[in-house]
Each structure stands twice: as structure tokens, then as C-alpha cells.
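Trainee: Here you go, one structure.
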Amino acid sequence: MRRAIWLVLGVAVLAAPWLVPAVVPRQQRYVLHVLIFTALFAALALSYDLVVGHVGSLSLAHPAFFGVGAYTAAILATEARWSFLTDVLAAGLAAAVVAALVGVPLFRLAEHAFAMGTLGLALVASVVANNWVQVTRGPLCITGIPKPALGPLPVTTLPAFYWLALGALVAVMLLYQGLTTFRLGRAFHAVRDNEPLAAAAGIDPLKYRLLAFTIAAGLAGAVGALYVYYLSVMCPEEMTVGLTVNLLVIVFLGGVGSLRGVLVGAVLFTALPEVLRLAPTWRLVIYGGLLLLVVIRSPGGIESLLRRASR
Amino acid sequence: MALLEVRGLVKRFVGVTAVDRVDLVVEPGELVSLIGPNGSGKTTLFNCITGYLGADGGRVLFRGRDLTGTAPHRVARLGVARTFQQVSVFPRLSVLENLLLFLQQHQEEHLLARLLRTPRLRLLEALAVERAHRLLGLVGLAEKSNAAAGSLSYGQRKLLAFAGALMSDPDLLLLDEPAAAVNPTMINKLKDHILGLHRLGKTVVLVEHNMDVVMDISQRVVVLDHGQKIAEGPPEVIRRDARVIEAYFGR
């Protein structure tokens, strides 16, 4: 029974480009656009959860890594005409290198100071994006990013991009699963739950924190690259601290440290507000209220409600 | 060569010298107890040996190798296992996972292999699971192996932490108050376990307040007071030592 539900859901997700026109013929482009956004946001939120949920470091720097990747991809695509795949790899690598460099000093800070330090990084990155006009073109944005192509296969239509985003999400999900279970996951969780005891077990806490932080940044950078290829433009507004708020809402309301929880969170807080046409003015108020409600009633997020229900 | 050699170790906190020029030599296979009133520097000494605190003077040698400035996880991987005074388990991991964690870094630490789960790694994991089950049987937690460690009783957690320290088959075992706040039946079990280790030729250093345990099982007792070593010798001598009695019962 449960297997059947998953199967139907999987097929529905894969076949969305055909299902959507059948269900909402007039708005199919808009709905597909929302679905692409949802997939990209889900991938980004999963990468964020590697740090927040699995090694327990409250990083607020994710927009910075997303932005480094996005700008790297945008610049390489427009100035150097790199191919799509090498561009995405370069974007991920650039973000990972930045994370590794800033991670060493940042992880010397205790919990709250670490959060402040990463917030500082996000703010600095945003300021740089706005003001380093020679490179980022500042508020004029980098425009004219060509449509991506997977080798000989051009990705020009919305359905094609939907499948590309879905493929990226699945790749991130597999990596997430591989990193957070078995021996790596166990070591991450040990560092999160009791650092001195983890050290007594021979685990180097700094190494594992840095590892999660760097991989998460690399993934965020790669998602950033996909994002600019989709929009074909990159502006500084895409990497403001507001992005962190969205990620925090998705991860904590969905279920911190849980693949299913974060996915559900991403769907609920990316797709639903669009579909329900929530007025932007009210969206933050509703998010705030929901966040309070979940923190008080169900600190494990929606995931813990799902777990209770399935028992 | 002595297994552990502490030479003139000094640790100062603001205004207090917690460990004051302490010497301690532990030979392979010995069972030594460290006793002393609260605040006499026993745990601080443990923390200096295992790298959790940097010493302000003196040296710690393990198998002749200087441990000064070595990070805790490196000390652990050299074969020094320790337990903590406050019960320390990973509450969100299962009982079995708690034990596996204490062996995995000693077996291998190849990140890519871990991600790919190579056949070699699966074999090592299987060996670790087997050892964990044996140790769980030894401490009487066999049927709890899938329970979350946080759901165990205080005494059971203590046993789990003890089993965890044994997972990597360490050369030196430092136990910080294993019998504190444990019920008498459990204390007897613990005593048996420690004596069993001793019979297997393991080297154990014990910080303990429970004098019955100390006097029953130790070969040698070292007494600290105000950070200084005030006496050292076999239990029967220590029991009658005037300075020890004074330190414990006042003058």
C-alpha cells in the first residue's frame, strides 16, 4: 500500500510536464515554473540541512555560497563561454573553496558567535555583489546567460528544464542520503550531539564540521549555477539574507535533519504560497505564525507529525 | 618502558593550581586508582592526559611519546580510551550505533570509501557489529541494542559508556568515577568487569570516590589533595596513611 503511494507519487512527479497542462491548461507555464523553483529550493534546503541538521552548526552563510556559485556560473557562461556542465562544476568548486577557507576561522567560534560570523559573511557577500561593479555589474545584473545544454542536448523548453532540475534534486538527495547515514552520518551526528565524547571516540570534530560545511557550500554553489541558467540573469537581490530566512523556514518547519521533512518543507513553503496566491504582504506574517506554532507544538517540524501519524 | 608517564604536570586555572607538579607512572597491565577529596585535581589530571586541557607545565608520555599539545581525538586514536564523570552517551543514536562509533575511527577513516560503502568497509562494519554485540552481552544490554541510548536508565548508560570505551580495545583505559551514583548491584558488576579487564592484561587508571571499589580492586592507589600527590602505595598502606586520613576527614 505504502509502496503503491510512493510509486504513484514518483510517476506523477516525473510526468508533471504532461500532467500539468491536462489539469491547469491555461496556467501550465506558471505551474511548471513554480515546480522548477520548488525542485531547486528543495536541493538548496537539503544542502543547508547538512550543516544545520546533521552537524548542528547554525550557519547563516548559505546565500553567500549560493551567490558565489551563481556569479561564477554567470560570469563564466557570458565572458568565457564555458559549457554548462563544466560551468556548474566550477560554480560548486568555487563555493566549496570559499567555504573551506572561511570555515577554518569560523569554526573556532562558539555556537552563537559562529552564527553571527556566518551572518557577517552573508552580508559581506551581498555588499560585494552590489558594489564590485567591474565583475558583478552590481545592480545592473549579469544578463544574457545562454540556455544550458547537456552535451548535444539543449535544454530550452520548460519541461526540459523541469527534468534537469529534478535530476539535480535527485542527485542532491542521493548525496544527502549517503552522507547522513552509515559511518559518515554517525560521525556527523556524534559531533552534533556531544563534541567532547565524539573526540573521545577518535572523531576530529573540526574536520567533520568543515567537511559538511564545504560539501553543503559546494552543492549550494551548483544549485546557484542551475538557478542563473534557468533565469538567464543574476542580480544581487538573489543572494540577500532573506534567502536564509526562507531556508530556515523550510528546514525547521519541514523537519531538521530529515530528508523527507526538508522535501515536504520545500514543497509547502515554495509551491503552496504560489498556488494559494498568498499576498506577499501576508506571507511573512503567516510564516512567522507557523514557525511559532511549530516550535511550540511540534519542535521536530512536520516530519515529527508525519512520524506520529505513520505509527 | 612505562605505558603512561606523567612528569611534573602543572595545570593552573585563574587563581588556583588544580594540578601541582604531579608525577604518575603506570606500567603495562597495572590497575591504578586515583583518589582524593572533591576538587583535588583528579579529573583535571585526566583531562590533561587526554588532551582536553593544555598543561601549563610538565609532560605526559604515552609509550614514550610526548602527548603535550595533542588533540583529544588523536590521543584517543593512539589507544587511550576514557569515560566521563557525567554519563556520556549519544542519546539520539541507538545503543548499537553508540558502540560502533567508538570503533569506526580506529578501523578506517577514508571519507570517499565511507560515502561509497566499499566492500572492505562493509566487512569492517560487520566486524564492528559483532564486537559491539559481544560487549553488549558482557555488560547485559544485549536486548537493548536497537533502543535509543537516551531511553536507557542512568546505570545502563554508564554501562554503555563503559562498553564504548572498550570497543577499540584500548591500551590504556581511563575511567572517571564509573561507580558514582550507581546502585550496589551494578557496582559489583562493574567491579567484576574492571577486574576481568585487568586479568586480560589491560591497563586501567580509575578515578573513584567509592572506597570499597578502590580498596577492593586496585593494585596501587595514588592520592591527590589540592592538586598535589600526597601519597602513593598499595591499598592497605594507603588506608592507614595519616596524611590521607587527614585529607579525607579533616584535622
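Ligands are numbered from 1 in the order shown, chains are lettered A, B, ... in the order of the C-alpha cells, and residues start at 1 in each chain.
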Residues of chain B no more than 7 Å from chain A, counting only C-alpha atoms: send them over as a list in words.
Mentor: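 Using only C-alpha atoms, chain B residues at most 7 Å from chain A: Pro72, His73, Arg74, Ala76, Arg77, Ala81, Arg82, Ser88, Phe90, Leu101, Phe102, Gln105, Arg114 and Leu115 of chain B.
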Trainee: Those selected residues, please, written with N, CA and C atoms and delivered as a compact mmCIF listing (two decimals), in the first residue's frame.
Mentor:
# COMPACT_ATOMS: atom_id res chain seq x y z
N PRO B 72 42.45 15.82 21.57
CA PRO B 72 41.80 14.65 22.18
C PRO B 72 41.57 13.48 21.21
N HIS B 73 41.11 13.81 19.95
CA HIS B 73 40.81 12.69 19.06
C HIS B 73 42.06 11.93 18.66
N ARG B 74 43.21 12.65 18.66
CA ARG B 74 44.46 11.96 18.32
C ARG B 74 44.91 11.08 19.48
N ALA B 76 42.98 9.67 21.56
CA ALA B 76 42.10 8.51 21.53
C ALA B 76 42.58 7.49 20.51
N ARG B 77 42.99 7.99 19.34
CA ARG B 77 43.39 7.05 18.29
C ARG B 77 44.72 6.39 18.59
N ALA B 81 41.68 5.27 25.87
CA ALA B 81 40.23 5.47 25.94
C ALA B 81 39.88 6.05 27.29
N ARG B 82 38.81 6.86 27.32
CA ARG B 82 38.40 7.42 28.60
C ARG B 82 36.89 7.46 28.70
N SER B 88 28.04 9.98 29.66
CA SER B 88 28.11 10.49 28.31
C SER B 88 27.81 9.39 27.31
N PHE B 90 25.58 9.10 23.28
CA PHE B 90 24.93 9.89 22.25
C PHE B 90 23.45 9.53 22.31
N LEU B 101 30.33 3.61 16.84
CA LEU B 101 31.01 4.88 16.70
C LEU B 101 32.39 4.86 17.36
N PHE B 102 32.50 4.09 18.44
CA PHE B 102 33.77 4.10 19.17
C PHE B 102 34.83 3.23 18.52
N GLN B 105 36.52 4.97 13.85
CA GLN B 105 37.67 5.81 13.52
C GLN B 105 38.97 5.03 13.69
N ARG B 114 33.83 5.73 2.70
CA ARG B 114 32.65 5.76 3.56
C ARG B 114 31.41 6.15 2.77
N LEU B 115 31.60 7.09 1.86
CA LEU B 115 30.46 7.54 1.06
C LEU B 115 30.04 6.42 0.10
Trainee: Using only C-alpha atoms, which residues sit within 8 Å of Ser47 in chain A once same-chain residues fewer than 6 positions away are excluded, as a PyMOL selection string?
Mentor: chain A and resi 172+176+215-217+219-220
Trainee: Determine, counting only C-alpha atoms, which protein, DNA and RNA residues have an atom within 8 Å of an atom of Glu30 in chain B; residues of the same chain fewer than 2 positions away are not included. Present the result as a list in words.
Mentor: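 Surrounding residues, per the criterion: Val26, Glu27, Pro28, Val32, His198, Gly201, Lys202, Thr203, Val204 and Gln219 of chain B.
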Trainee: Rank nothing, just name the residue among B:Pro37, B:Gly79, B:Gly57, B:Pro91 nearest to Val19 in chain B, using only C-alpha atoms.
Mentor: B:Gly57
Trainee: Within 7 Å of range 156-158 of chain B, counting only C-alpha atoms, which residues qualify if same-chain residues fewer than 4 places away don't, as a ChimeraX atom specification?
Mentor: /B:87,89,152,162
Trainee: For N, CA and C atoms, I'd like the residues from the last selection saved as a short mmCIF file (atom, residue, chain, number, x, y, z; two decimals), in the first residue's frame.
Mentor:
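Once written, result_0.cif looks like this:
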data_model
loop_
_atom_site.label_atom_id
_atom_site.label_comp_id
_atom_site.auth_asym_id
_atom_site.auth_seq_id
_atom_site.Cartn_x
_atom_site.Cartn_y
_atom_site.Cartn_z
N VAL B 87 27.48 11.08 32.84
CA VAL B 87 27.25 9.99 31.90
C VAL B 87 27.22 10.54 30.50
N VAL B 89 26.66 9.51 26.69
CA VAL B 89 26.34 8.66 25.55
C VAL B 89 25.77 9.59 24.48
N LEU B 152 17.78 4.82 27.95
CA LEU B 152 18.32 3.93 28.97
C LEU B 152 18.28 4.59 30.35
N PHE B 162 30.88 2.64 29.37
CA PHE B 162 32.00 1.75 29.69
C PHE B 162 32.29 0.82 28.52
#
Trainee: What is the distance, in Å and to one decimal place, between CA of Asn146 in chain B and CA of Val95 in chain B?
Mentor: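 Going from CA of Asn146 in chain B over to CA of Val95 in chain B covers 6.0 Å.
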